[in-house]
>>> print(open('structure-v5.cif').read())   # mmCIF, C-alpha atoms
data_my_file
loop_
_atom_site.group_PDB
_atom_site.id
_atom_site.type_symbol
_atom_site.label_atom_id
_atom_site.label_comp_id
_atom_site.auth_asym_id
_atom_site.auth_seq_id
_atom_site.Cartn_x
_atom_site.Cartn_y
_atom_site.Cartn_z
ATOM 1 C CA MET A 1 0.000 0.000 0.000
ATOM 2 C CA THR A 2 1.202 3.516 -0.816
ATOM 3 C CA TYR A 3 0.823 5.921 2.087
ATOM 4 C CA VAL A 4 2.299 9.040 0.479
ATOM 5 C CA ASP A 5 2.121 10.799 -2.870
ATOM 6 C CA PRO A 6 4.799 9.390 -5.225
ATOM 7 C CA ALA A 7 5.755 13.009 -5.920
ATOM 8 C CA LEU A 8 6.767 13.484 -2.288
ATOM 9 C CA ARG A 9 10.450 13.056 -1.602
ATOM 10 C CA ARG A 10 10.941 10.154 0.821
ATOM 11 C CA GLU A 11 14.343 8.884 1.908
ATOM 12 C CA ILE A 12 15.279 6.226 4.451
ATOM 13 C CA PHE A 13 18.671 6.470 6.080
ATOM 14 C CA GLY A 14 20.228 5.222 9.302
ATOM 15 C CA TRP A 15 23.360 4.153 11.101
ATOM 16 C CA TYR A 16 24.643 1.979 13.904
ATOM 17 C CA SER A 17 24.598 4.036 17.078
ATOM 18 C CA PRO A 18 27.381 2.958 19.473
ATOM 19 C CA ARG A 19 25.661 4.615 22.422
ATOM 20 C CA MET A 20 22.374 2.846 21.662
ATOM 21 C CA GLY A 21 24.057 -0.427 20.669
ATOM 22 C CA MET A 22 21.752 -0.913 17.673
ATOM 23 C CA GLU A 23 20.898 0.238 14.193
ATOM 24 C CA MET A 24 18.811 3.414 14.333
ATOM 25 C CA PRO A 25 16.843 4.191 11.149
ATOM 26 C CA ILE A 26 15.538 7.605 10.149
ATOM 27 C CA VAL A 27 13.142 8.641 7.390
ATOM 28 C CA ARG A 28 12.863 12.029 5.732
ATOM 29 C CA TYR A 29 9.788 13.417 3.988
ATOM 30 C CA GLY A 30 9.911 16.501 1.793
ATOM 31 C CA GLY A 31 12.678 18.232 -0.086
ATOM 32 C CA TRP A 32 12.965 21.530 1.732
ATOM 33 C CA GLY A 33 11.400 23.639 4.450
ATOM 34 C CA ARG A 34 11.735 23.980 8.212
ATOM 35 C CA PRO A 35 13.060 20.727 9.731
ATOM 36 C CA LEU A 36 10.691 18.927 12.098
ATOM 37 C CA LEU A 37 11.726 15.876 14.132
ATOM 38 C CA LEU A 38 8.821 13.469 14.665
ATOM 39 C CA PHE A 39 8.774 11.025 17.593
ATOM 40 C CA PRO A 40 6.455 7.982 17.379
ATOM 41 C CA THR A 41 3.820 7.034 19.939
ATOM 42 C CA ALA A 42 4.344 4.439 22.684
ATOM 43 C CA ALA A 43 6.428 1.613 21.193
ATOM 44 C CA GLY A 44 6.021 2.851 17.620
ATOM 45 C CA ASP A 45 8.741 2.842 14.988
ATOM 46 C CA PHE A 46 10.092 5.430 12.566
ATOM 47 C CA LEU A 47 7.471 4.642 9.899
ATOM 48 C CA GLU A 48 4.460 4.610 12.233
ATOM 49 C CA ALA A 49 3.316 8.124 11.302
ATOM 50 C CA GLU A 50 3.347 7.195 7.628
ATOM 51 C CA ARG A 51 1.312 4.017 8.175
ATOM 52 C CA MET A 52 -1.205 5.922 10.308
ATOM 53 C CA TRP A 53 -1.656 8.590 7.589
ATOM 54 C CA LEU A 54 -0.176 11.401 9.673
ATOM 55 C CA ILE A 55 2.358 12.177 6.934
ATOM 56 C CA LYS A 56 -0.500 12.201 4.418
ATOM 57 C CA ALA A 57 -2.282 14.759 6.604
ATOM 58 C CA ILE A 58 0.615 17.205 6.301
ATOM 59 C CA GLU A 59 1.491 16.288 2.707
ATOM 60 C CA PRO A 60 0.348 19.661 1.261
ATOM 61 C CA LEU A 61 2.744 21.435 3.630
ATOM 62 C CA LEU A 62 5.536 19.037 2.707
ATOM 63 C CA LEU A 63 4.968 19.440 -1.031
ATOM 64 C CA ALA A 64 4.785 23.223 -0.627
ATOM 65 C CA GLY A 65 8.211 23.270 1.034
ATOM 66 C CA ARG A 66 7.001 24.681 4.333
ATOM 67 C CA VAL A 67 8.328 21.742 6.342
ATOM 68 C CA THR A 68 10.548 18.696 5.972
ATOM 69 C CA VAL A 69 9.942 15.893 8.480
ATOM 70 C CA PHE A 70 12.421 13.432 9.980
ATOM 71 C CA GLY A 71 10.984 10.376 11.736
ATOM 72 C CA ILE A 72 12.956 8.222 14.182
ATOM 73 C CA ASP A 73 12.384 5.157 16.346
ATOM 74 C CA SER A 74 11.286 5.320 19.967
ATOM 75 C CA ILE A 75 13.285 3.970 22.909
ATOM 76 C CA ASN A 76 10.176 2.952 24.829
ATOM 77 C CA ARG A 77 10.079 -0.728 23.918
ATOM 78 C CA HIS A 78 13.638 -1.025 25.276
ATOM 79 C CA ALA A 79 13.083 1.207 28.296
ATOM 80 C CA TRP A 80 9.859 2.415 29.909
ATOM 81 C CA MET A 81 7.648 -0.238 28.305
ATOM 82 C CA ALA A 82 10.143 -3.124 28.611
ATOM 83 C CA ASP A 83 9.190 -5.844 31.086
ATOM 84 C CA GLY A 84 12.048 -7.282 33.099
ATOM 85 C CA VAL A 85 14.258 -4.189 32.833
ATOM 86 C CA SER A 86 15.114 -2.465 36.113
ATOM 87 C CA LEU A 87 14.151 1.161 36.684
ATOM 88 C CA PRO A 88 17.789 2.349 36.865
ATOM 89 C CA GLU A 89 18.459 0.629 33.528
ATOM 90 C CA LYS A 90 15.310 2.084 31.968
ATOM 91 C CA ALA A 91 16.442 5.541 33.088
ATOM 92 C CA ARG A 92 19.958 4.933 31.743
ATOM 93 C CA ARG A 93 18.559 3.932 28.357
ATOM 94 C CA GLN A 94 16.391 7.046 28.288
ATOM 95 C CA ALA A 95 19.468 9.186 28.944
ATOM 96 C CA LEU A 96 21.319 7.425 26.120
ATOM 97 C CA TYR A 97 18.360 8.043 23.817
ATOM 98 C CA SER A 98 18.399 11.761 24.606
ATOM 99 C CA ALA A 99 22.121 11.836 23.829
ATOM 100 C CA TYR A 100 21.447 9.997 20.568
ATOM 101 C CA VAL A 101 18.885 12.637 19.580
ATOM 102 C CA GLU A 102 21.129 15.552 20.534
ATOM 103 C CA ASP A 103 24.502 14.255 19.358
ATOM 104 C CA GLU A 104 23.556 12.074 16.372
ATOM 105 C CA VAL A 105 20.125 12.961 15.007
ATOM 106 C CA VAL A 106 20.431 16.746 15.213
ATOM 107 C CA PRO A 107 23.818 16.832 13.413
ATOM 108 C CA HIS A 108 22.383 14.535 10.726
ATOM 109 C CA ILE A 109 19.393 16.808 10.186
ATOM 110 C CA ARG A 110 21.646 19.852 10.059
ATOM 111 C CA ARG A 111 23.814 18.167 7.416
ATOM 112 C CA VAL A 112 20.765 17.261 5.345
ATOM 113 C CA VAL A 113 19.314 20.783 5.428
ATOM 114 C CA GLN A 114 22.822 22.246 4.924
ATOM 115 C CA ASN A 115 22.651 24.503 7.968
ATOM 116 C CA ASP A 116 25.117 23.729 10.756
ATOM 117 C CA SER A 117 23.360 26.042 13.204
ATOM 118 C CA ALA A 118 19.715 25.236 12.404
ATOM 119 C CA ARG A 119 17.381 24.979 15.364
ATOM 120 C CA ILE A 120 14.844 22.248 14.721
ATOM 121 C CA GLY A 121 11.210 21.658 15.578
ATOM 122 C CA ALA A 122 10.044 18.583 17.490
ATOM 123 C CA THR A 123 6.648 16.942 17.543
ATOM 124 C CA GLY A 124 4.884 13.796 18.630
ATOM 125 C CA ALA A 125 1.625 12.480 20.020
ATOM 126 C CA SER A 126 1.013 10.675 23.300
ATOM 127 C CA PHE A 127 4.380 9.250 24.460
ATOM 128 C CA GLY A 128 5.909 10.926 21.422
ATOM 129 C CA ALA A 129 4.836 14.283 22.844
ATOM 130 C CA PHE A 130 6.811 13.501 25.996
ATOM 131 C CA HIS A 131 9.967 12.832 23.980
ATOM 132 C CA ALA A 132 9.436 15.910 21.808
ATOM 133 C CA ALA A 133 8.947 18.120 24.853
ATOM 134 C CA ASN A 134 11.978 16.627 26.558
ATOM 135 C CA ALA A 135 14.108 17.301 23.476
ATOM 136 C CA VAL A 136 13.024 20.941 23.273
ATOM 137 C CA PHE A 137 13.185 21.730 26.981
ATOM 138 C CA ARG A 138 16.543 20.024 27.507
ATOM 139 C CA ARG A 139 18.230 21.691 24.545
ATOM 140 C CA PRO A 140 16.501 24.839 23.265
ATOM 141 C CA ASP A 141 19.852 25.694 21.689
ATOM 142 C CA LEU A 142 19.135 22.823 19.274
ATOM 143 C CA PHE A 143 15.327 23.057 19.095
ATOM 144 C CA ASP A 144 13.159 26.158 18.700
ATOM 145 C CA THR A 145 9.650 24.757 18.174
ATOM 146 C CA LEU A 146 7.467 22.233 19.986
ATOM 147 C CA ILE A 147 4.196 20.759 18.765
ATOM 148 C CA ALA A 148 3.114 18.428 21.569
ATOM 149 C CA MET A 149 -0.131 16.540 20.978
ATOM 150 C CA SER A 150 -2.113 14.682 23.651
ATOM 151 C CA GLY A 151 0.954 14.159 25.758
ATOM 152 C CA PHE A 152 2.087 13.690 29.334
ATOM 153 C CA TYR A 153 5.163 15.416 30.710
ATOM 154 C CA ASP A 154 5.910 13.623 33.964
ATOM 155 C CA LEU A 155 7.115 10.019 34.053
ATOM 156 C CA GLY A 156 6.433 9.778 37.770
ATOM 157 C CA PRO A 157 2.800 8.676 38.031
ATOM 158 C CA SER A 158 2.963 5.782 35.565
ATOM 159 C CA TYR A 159 6.598 4.737 35.188
ATOM 160 C CA LEU A 160 8.861 5.683 38.111
ATOM 161 C CA PHE A 161 7.106 4.237 41.179
ATOM 162 C CA GLY A 162 9.040 6.588 43.444
ATOM 163 C CA PHE A 163 12.420 5.951 41.807
ATOM 164 C CA GLY A 164 14.658 8.883 40.975
ATOM 165 C CA ASN A 165 18.240 9.642 39.946
ATOM 166 C CA ASP A 166 19.994 12.107 37.642
ATOM 167 C CA ASP A 167 19.049 10.125 34.525
ATOM 168 C CA VAL A 168 15.397 10.497 35.518
ATOM 169 C CA PHE A 169 15.579 14.081 36.729
ATOM 170 C CA PHE A 170 17.249 15.473 33.612
ATOM 171 C CA ASN A 171 14.883 13.604 31.275
ATOM 172 C CA ASN A 172 11.618 14.436 33.004
ATOM 173 C CA PRO A 173 10.366 17.922 32.082
ATOM 174 C CA SER A 174 8.188 18.250 35.177
ATOM 175 C CA SER A 175 11.315 17.723 37.290
ATOM 176 C CA TYR A 176 13.862 20.046 35.702
ATOM 177 C CA LEU A 177 11.715 22.781 34.142
ATOM 178 C CA PRO A 178 10.820 24.520 37.434
ATOM 179 C CA GLY A 179 14.519 25.137 38.157
ATOM 180 C CA LEU A 180 15.574 26.164 34.652
ATOM 181 C CA ASN A 181 17.399 29.478 34.408
ATOM 182 C CA GLY A 182 20.076 31.325 32.473
ATOM 183 C CA GLY A 183 20.634 30.963 28.754
ATOM 184 C CA MET A 184 18.382 27.941 28.281
ATOM 185 C CA LEU A 185 15.461 29.752 29.881
ATOM 186 C CA HIS A 186 16.133 32.783 27.663
ATOM 187 C CA LEU A 187 16.053 30.574 24.552
ATOM 188 C CA LEU A 188 12.730 29.036 25.587
ATOM 189 C CA HIS A 189 11.321 32.548 25.905
ATOM 190 C CA HIS A 190 12.053 32.887 22.187
ATOM 191 C CA SER A 191 10.735 29.514 21.041
ATOM 192 C CA GLY A 192 7.382 28.456 19.608
ATOM 193 C CA LEU A 193 5.632 26.119 22.052
ATOM 194 C CA TYR A 194 2.269 24.580 21.113
ATOM 195 C CA ILE A 195 0.631 22.175 23.557
ATOM 196 C CA GLY A 196 -2.509 20.641 22.080
ATOM 197 C CA CYS A 197 -4.865 18.081 23.579
ATOM 198 C CA GLY A 198 -8.377 16.863 22.985
ATOM 199 C CA GLN A 199 -10.967 16.379 25.688
ATOM 200 C CA GLY A 200 -12.627 13.287 24.277
ATOM 201 C CA ALA A 201 -12.195 9.592 25.022
ATOM 202 C CA TYR A 202 -8.918 8.609 26.711
ATOM 203 C CA GLU A 203 -7.499 12.125 26.575
ATOM 204 C CA ARG A 204 -5.890 13.629 29.684
ATOM 205 C CA PRO A 205 -6.005 17.406 29.246
ATOM 206 C CA ASP A 206 -4.921 17.821 32.869
ATOM 207 C CA TYR A 207 -1.417 16.724 31.817
ATOM 208 C CA SER A 208 -1.272 19.558 29.286
ATOM 209 C CA ARG A 209 -2.651 22.008 31.842
ATOM 210 C CA GLN A 210 0.051 20.948 34.310
ATOM 211 C CA LEU A 211 2.783 21.608 31.755
ATOM 212 C CA GLY A 212 1.197 24.943 30.881
ATOM 213 C CA ALA A 213 1.212 25.890 34.573
ATOM 214 C CA ILE A 214 4.931 25.119 34.881
ATOM 215 C CA LEU A 215 5.730 27.144 31.770
ATOM 216 C CA GLY A 216 3.538 29.979 33.004
ATOM 217 C CA SER A 217 5.319 30.015 36.372
ATOM 218 C CA LYS A 218 8.598 30.582 34.497
ATOM 219 C CA GLY A 219 7.094 33.263 32.263
ATOM 220 C CA ILE A 220 7.698 31.098 29.177
ATOM 221 C CA PRO A 221 5.309 32.013 26.330
ATOM 222 C CA HIS A 222 3.318 29.031 25.087
ATOM 223 C CA GLN A 223 0.006 28.113 23.485
ATOM 224 C CA LEU A 224 -2.184 25.720 25.461
ATOM 225 C CA ASP A 225 -4.903 24.567 23.068
ATOM 226 C CA LEU A 226 -7.608 22.246 24.445
ATOM 227 C CA TRP A 227 -9.783 20.833 21.698
ATOM 228 C CA GLY A 228 -13.384 19.713 22.118
ATOM 229 C CA HIS A 229 -14.966 16.684 23.769
ATOM 230 C CA ASP A 230 -15.356 15.155 20.299
ATOM 231 C CA THR A 231 -11.568 14.779 19.892
ATOM 232 C CA PRO A 232 -10.321 11.451 21.323
ATOM 233 C CA HIS A 233 -6.825 10.232 22.071
ATOM 234 C CA ASP A 234 -6.374 8.751 18.619
ATOM 235 C CA TRP A 235 -4.891 9.296 15.174
ATOM 236 C CA PRO A 236 -7.882 11.143 13.671
ATOM 237 C CA THR A 237 -7.296 13.897 16.244
ATOM 238 C CA TRP A 238 -3.589 14.142 15.489
ATOM 239 C CA ARG A 239 -4.183 14.107 11.742
ATOM 240 C CA LYS A 240 -6.155 17.324 12.257
ATOM 241 C CA MET A 241 -3.986 18.843 14.975
ATOM 242 C CA LEU A 242 -0.537 18.591 13.377
ATOM 243 C CA PRO A 243 -1.271 20.385 10.067
ATOM 244 C CA TYR A 244 -3.260 23.014 11.972
ATOM 245 C CA ALA A 245 -0.420 23.639 14.406
ATOM 246 C CA ILE A 246 2.205 23.849 11.661
ATOM 247 C CA ALA A 247 0.189 26.086 9.367
ATOM 248 C CA GLU A 248 -1.663 28.260 11.880
ATOM 249 C CA ARG A 249 -0.049 28.224 15.299
ATOM 250 C CA VAL A 250 3.773 28.059 15.183
ATOM 251 C CA GLY A 251 4.303 30.470 12.307
ATOM 252 C CA TRP A 252 5.922 28.116 9.810
#
>>> encode(input="structure-v5.cif", output="structure tokens")
Amino acid sequence: MTYVDPALRREIFGWYSPRMGMEMPIVRYGGWGRPLLLFPTAAGDFLEAERMWLIKAIEPLLLAGRVTVFGIDSINRHAWMADGVSLPEKARRQALYSAYVEDEVVPHIRRVVQNDSARIGATGASFGAFHAANAVFRRPDLFDTLIAMSGFYDLGPSYLFGFGNDDVFFNNPSSYLPGLNGGMLHLLHHSGLYIGCGQGAYERPDYSRQLGAILGSKGIPHQLDLWGHDTPHDWPTWRKMLPYAIAERVGW
């Protein structure tokens, strides 16, 4: 089955990541435009968004050169969603994944778009929104835009069970954001932050409100956008939300 227009540029690349200890694939959609890093949901892979028609939903923006999307694998099936793995090891793998994004994926994207200083956008839905937010809030020197859809931003309630260490703290936005200061805080003040969530079945808008409250307490400009009770925690919502956010809310 073909999920994208044959006219749309689509390239699959990848490399063996020593820090991850595995092959890490990456797909690119579009030939030019602002670079946007897309994280999959839950235990999804780098092609999940294509199979679920999310790429099709933003295809007009891709073909118009407003955005070029890079999709990567998630760490979740090897970390937070992996049975039999200890919490310290899950946290260590999360920290390695963040380093992979910052030290391997970002330089690759910058090479592809031929801009060694480009700041990149990040997006994702559900667990992907967590990873996108963590990428942006950890390193706003690398990322300047967040489109977080139907996400949660605190690992504690569902995944930590009271455990904590530096690997957790520095990869859990609800932990480190309240204490952020200096240059990173200044950069976030000049970033585009869109936090969208439905209020229909299986959505948790309180998670988005909690993140908005933390950002508000730091004076960080952001857009908290709660959609209606007819928007569930599912792909049809995100297929509407992502093109809307790109085209109307983050100024791309």
>>> resolve_selection(input="structure-v5.cif", expression="the PyMOL selection byres ((chain A and resi 194) around 7)", output="list in words")
Leu146, Ile147, Ala148, Gly192, Leu193, Ile195, Gly196, His222, Gln223 and Leu224 of chain A
>>> atom_distance(input="structure-v5.cif", atom1="CA of Trp53 (chain A)", atom2="CA of Gly200 (chain A)")
20.5 Å
>>> resolve_selection(input="structure-v5.cif", expression="the PyMOL selection byres ((chain A and resi 208-220) around 10)", output="PDB file with C-alpha atoms, in the coordinates of the input")
ATOM      1  CA  ALA A 133       8.947  18.120  24.853  1.00  0.00           C
ATOM      2  CA  ALA A 148       3.114  18.428  21.569  1.00  0.00           C
ATOM      3  CA  MET A 149      -0.131  16.540  20.978  1.00  0.00           C
ATOM      4  CA  SER A 150      -2.113  14.682  23.651  1.00  0.00           C
ATOM      5  CA  GLY A 151       0.954  14.159  25.758  1.00  0.00           C
ATOM      6  CA  PHE A 152       2.087  13.690  29.334  1.00  0.00           C
ATOM      7  CA  TYR A 153       5.163  15.416  30.710  1.00  0.00           C
ATOM      8  CA  ASP A 154       5.910  13.623  33.964  1.00  0.00           C
ATOM      9  CA  PRO A 173      10.366  17.922  32.082  1.00  0.00           C
ATOM     10  CA  SER A 174       8.188  18.250  35.177  1.00  0.00           C
ATOM     11  CA  LEU A 177      11.715  22.781  34.142  1.00  0.00           C
ATOM     12  CA  PRO A 178      10.820  24.520  37.434  1.00  0.00           C
ATOM     13  CA  GLY A 179      14.519  25.137  38.157  1.00  0.00           C
ATOM     14  CA  LEU A 180      15.574  26.164  34.652  1.00  0.00           C
ATOM     15  CA  ASN A 181      17.399  29.478  34.408  1.00  0.00           C
ATOM     16  CA  LEU A 185      15.461  29.752  29.881  1.00  0.00           C
ATOM     17  CA  HIS A 186      16.133  32.783  27.663  1.00  0.00           C
ATOM     18  CA  LEU A 187      16.053  30.574  24.552  1.00  0.00           C
ATOM     19  CA  LEU A 188      12.730  29.036  25.587  1.00  0.00           C
ATOM     20  CA  HIS A 189      11.321  32.548  25.905  1.00  0.00           C
ATOM     21  CA  HIS A 190      12.053  32.887  22.187  1.00  0.00           C
ATOM     22  CA  SER A 191      10.735  29.514  21.041  1.00  0.00           C
ATOM     23  CA  GLY A 192       7.382  28.456  19.608  1.00  0.00           C
ATOM     24  CA  LEU A 193       5.632  26.119  22.052  1.00  0.00           C
ATOM     25  CA  TYR A 194       2.269  24.580  21.113  1.00  0.00           C
ATOM     26  CA  ILE A 195       0.631  22.175  23.557  1.00  0.00           C
ATOM     27  CA  GLY A 196      -2.509  20.641  22.080  1.00  0.00           C
ATOM     28  CA  CYS A 197      -4.865  18.081  23.579  1.00  0.00           C
ATOM     29  CA  GLY A 198      -8.377  16.863  22.985  1.00  0.00           C
ATOM     30  CA  ARG A 204      -5.890  13.629  29.684  1.00  0.00           C
ATOM     31  CA  PRO A 205      -6.005  17.406  29.246  1.00  0.00           C
ATOM     32  CA  ASP A 206      -4.921  17.821  32.869  1.00  0.00           C
ATOM     33  CA  TYR A 207      -1.417  16.724  31.817  1.00  0.00           C
ATOM     34  CA  PRO A 221       5.309  32.013  26.330  1.00  0.00           C
ATOM     35  CA  HIS A 222       3.318  29.031  25.087  1.00  0.00           C
ATOM     36  CA  GLN A 223       0.006  28.113  23.485  1.00  0.00           C
ATOM     37  CA  LEU A 224      -2.184  25.720  25.461  1.00  0.00           C
ATOM     38  CA  ASP A 225      -4.903  24.567  23.068  1.00  0.00           C
ATOM     39  CA  LEU A 226      -7.608  22.246  24.445  1.00  0.00           C
TER      40      LEU A 226
END
>>> resolve_selection(input="structure-v5.cif", expression="the PyMOL selection byres ((chain A and resi 58) around 12)", output="PyMOL selection string")
chain A and resi 4-5+8+29-30+36+49-50+53-57+59-69+238-247
>>> atom_distance(input="structure-v5.cif", atom1="CA of Arg92 (chain A)", atom2="CA of Glu48 (chain A)")
24.9 Å
>>> atom_distance(input="structure-v5.cif", atom1="CA of Asn115 (chain A)", atom2="CA of Asp103 (chain A)")
15.4 Å
>>> closest_residue(input="structure-v5.cif", among="A:Ser98, A:Ser126, A:Thr237, A:Ser117", to="Ala43 (chain A)", atoms="only C-alpha atoms")
A:Ser126
>>> residues_around(input="structure-v5.cif", residues="Leu87 (chain A)", least_positions_apart="3", cutoff="9 Å", atoms="all atoms listed in the file", output="list in words")
Ala79, Trp80, Lys90, Ala91, Arg92, Tyr159, Leu160, Phe161, Phe163 and Gly164 of chain A
>>> closest_residue(input="structure-v5.cif", among="A:Gly44, A:Pro232, A:Pro88, A:Pro107", to="Phe169 (chain A)", atoms="only C-alpha atoms")
A:Pro88
>>> closest_residue(input="structure-v5.cif", among="A:Val112, A:Ala122, A:Ile12, A:Ala129", to="Asp144 (chain A)", atoms="only C-alpha atoms")
A:Ala122
>>> residues_near_point(input="structure-v5.cif", point="(7.0, 14.8, 16.1)", cutoff="7 Å", atoms="only C-alpha atoms", output="number ranges by chain")
A: 36-40, 122-124, 128, 132
>>> closest_residue(input="structure-v5.cif", among="A:Arg19, A:Arg111, A:Arg28, A:Arg9", to="Leu47 (chain A)", atoms="only C-alpha atoms")
A:Arg28
>>> residues_around(input="structure-v5.cif", residues="Glu89 (chain A)", least_positions_apart="3", cutoff="10 Å", atoms="all atoms listed in the file", output="number ranges by chain")
A: 78-80, 85-86, 92-95, 167
>>> build_atoms(input="structure-v5.cif", residues="region 2-24 of chain A", atoms="N, CA and C atoms", output="tab-separated table (two decimals), in the frame of the given file")
chain	number	residue	atom	x	y	z
A	2	THR	N	0.48	2.25	-0.76
A	2	THR	CA	1.20	3.52	-0.82
A	2	THR	C	0.55	4.50	0.14
A	3	TYR	N	1.35	5.02	1.06
A	3	TYR	CA	0.82	5.92	2.09
A	3	TYR	C	1.08	7.39	1.78
A	4	VAL	N	1.97	7.66	0.82
A	4	VAL	CA	2.30	9.04	0.48
A	4	VAL	C	2.27	9.22	-1.03
A	5	ASP	N	2.11	10.46	-1.45
A	5	ASP	CA	2.12	10.80	-2.87
A	5	ASP	C	3.48	10.43	-3.46
A	6	PRO	N	3.52	9.72	-4.60
A	6	PRO	CA	4.80	9.39	-5.22
A	6	PRO	C	5.65	10.62	-5.55
A	7	ALA	N	5.00	11.79	-5.65
A	7	ALA	CA	5.76	13.01	-5.92
A	7	ALA	C	6.49	13.53	-4.69
A	8	LEU	N	6.14	13.02	-3.52
A	8	LEU	CA	6.77	13.48	-2.29
A	8	LEU	C	8.11	12.81	-2.11
A	9	ARG	N	9.12	13.60	-1.87
A	9	ARG	CA	10.45	13.06	-1.60
A	9	ARG	C	10.42	12.27	-0.29
A	10	ARG	N	10.91	11.04	-0.35
A	10	ARG	CA	10.94	10.15	0.82
A	10	ARG	C	12.24	9.38	0.81
A	11	GLU	N	13.03	9.53	1.85
A	11	GLU	CA	14.34	8.88	1.91
A	11	GLU	C	14.52	8.20	3.26
A	12	ILE	N	14.98	6.96	3.22
A	12	ILE	CA	15.28	6.23	4.45
A	12	ILE	C	16.79	6.12	4.59
A	13	PHE	N	17.24	6.47	5.77
A	13	PHE	CA	18.67	6.47	6.08
A	13	PHE	C	18.81	5.80	7.45
A	14	GLY	N	20.01	5.77	7.97
A	14	GLY	CA	20.23	5.22	9.30
A	14	GLY	C	21.68	4.88	9.52
A	15	TRP	N	21.99	4.50	10.74
A	15	TRP	CA	23.36	4.15	11.10
A	15	TRP	C	23.35	3.34	12.39
A	16	TYR	N	24.47	2.68	12.64
A	16	TYR	CA	24.64	1.98	13.90
A	16	TYR	C	25.07	2.99	14.95
A	17	SER	N	24.29	3.10	16.00
A	17	SER	CA	24.60	4.04	17.08
A	17	SER	C	25.35	3.31	18.18
A	18	PRO	N	26.64	3.63	18.41
A	18	PRO	CA	27.38	2.96	19.47
A	18	PRO	C	26.75	3.17	20.84
A	19	ARG	N	26.24	4.37	21.10
A	19	ARG	CA	25.66	4.62	22.42
A	19	ARG	C	24.37	3.84	22.63
A	20	MET	N	23.60	3.62	21.55
A	20	MET	CA	22.37	2.85	21.66
A	20	MET	C	22.63	1.34	21.51
A	21	GLY	N	23.74	0.98	20.86
A	21	GLY	CA	24.06	-0.43	20.67
A	21	GLY	C	23.18	-1.11	19.65
A	22	MET	N	22.65	-0.34	18.68
A	22	MET	CA	21.75	-0.91	17.67
A	22	MET	C	21.68	-0.01	16.46
A	23	GLU	N	21.17	-0.56	15.37
A	23	GLU	CA	20.90	0.24	14.19
A	23	GLU	C	19.72	1.16	14.48
A	24	MET	N	19.85	2.42	14.10
A	24	MET	CA	18.81	3.41	14.33
A	24	MET	C	18.42	4.05	12.99
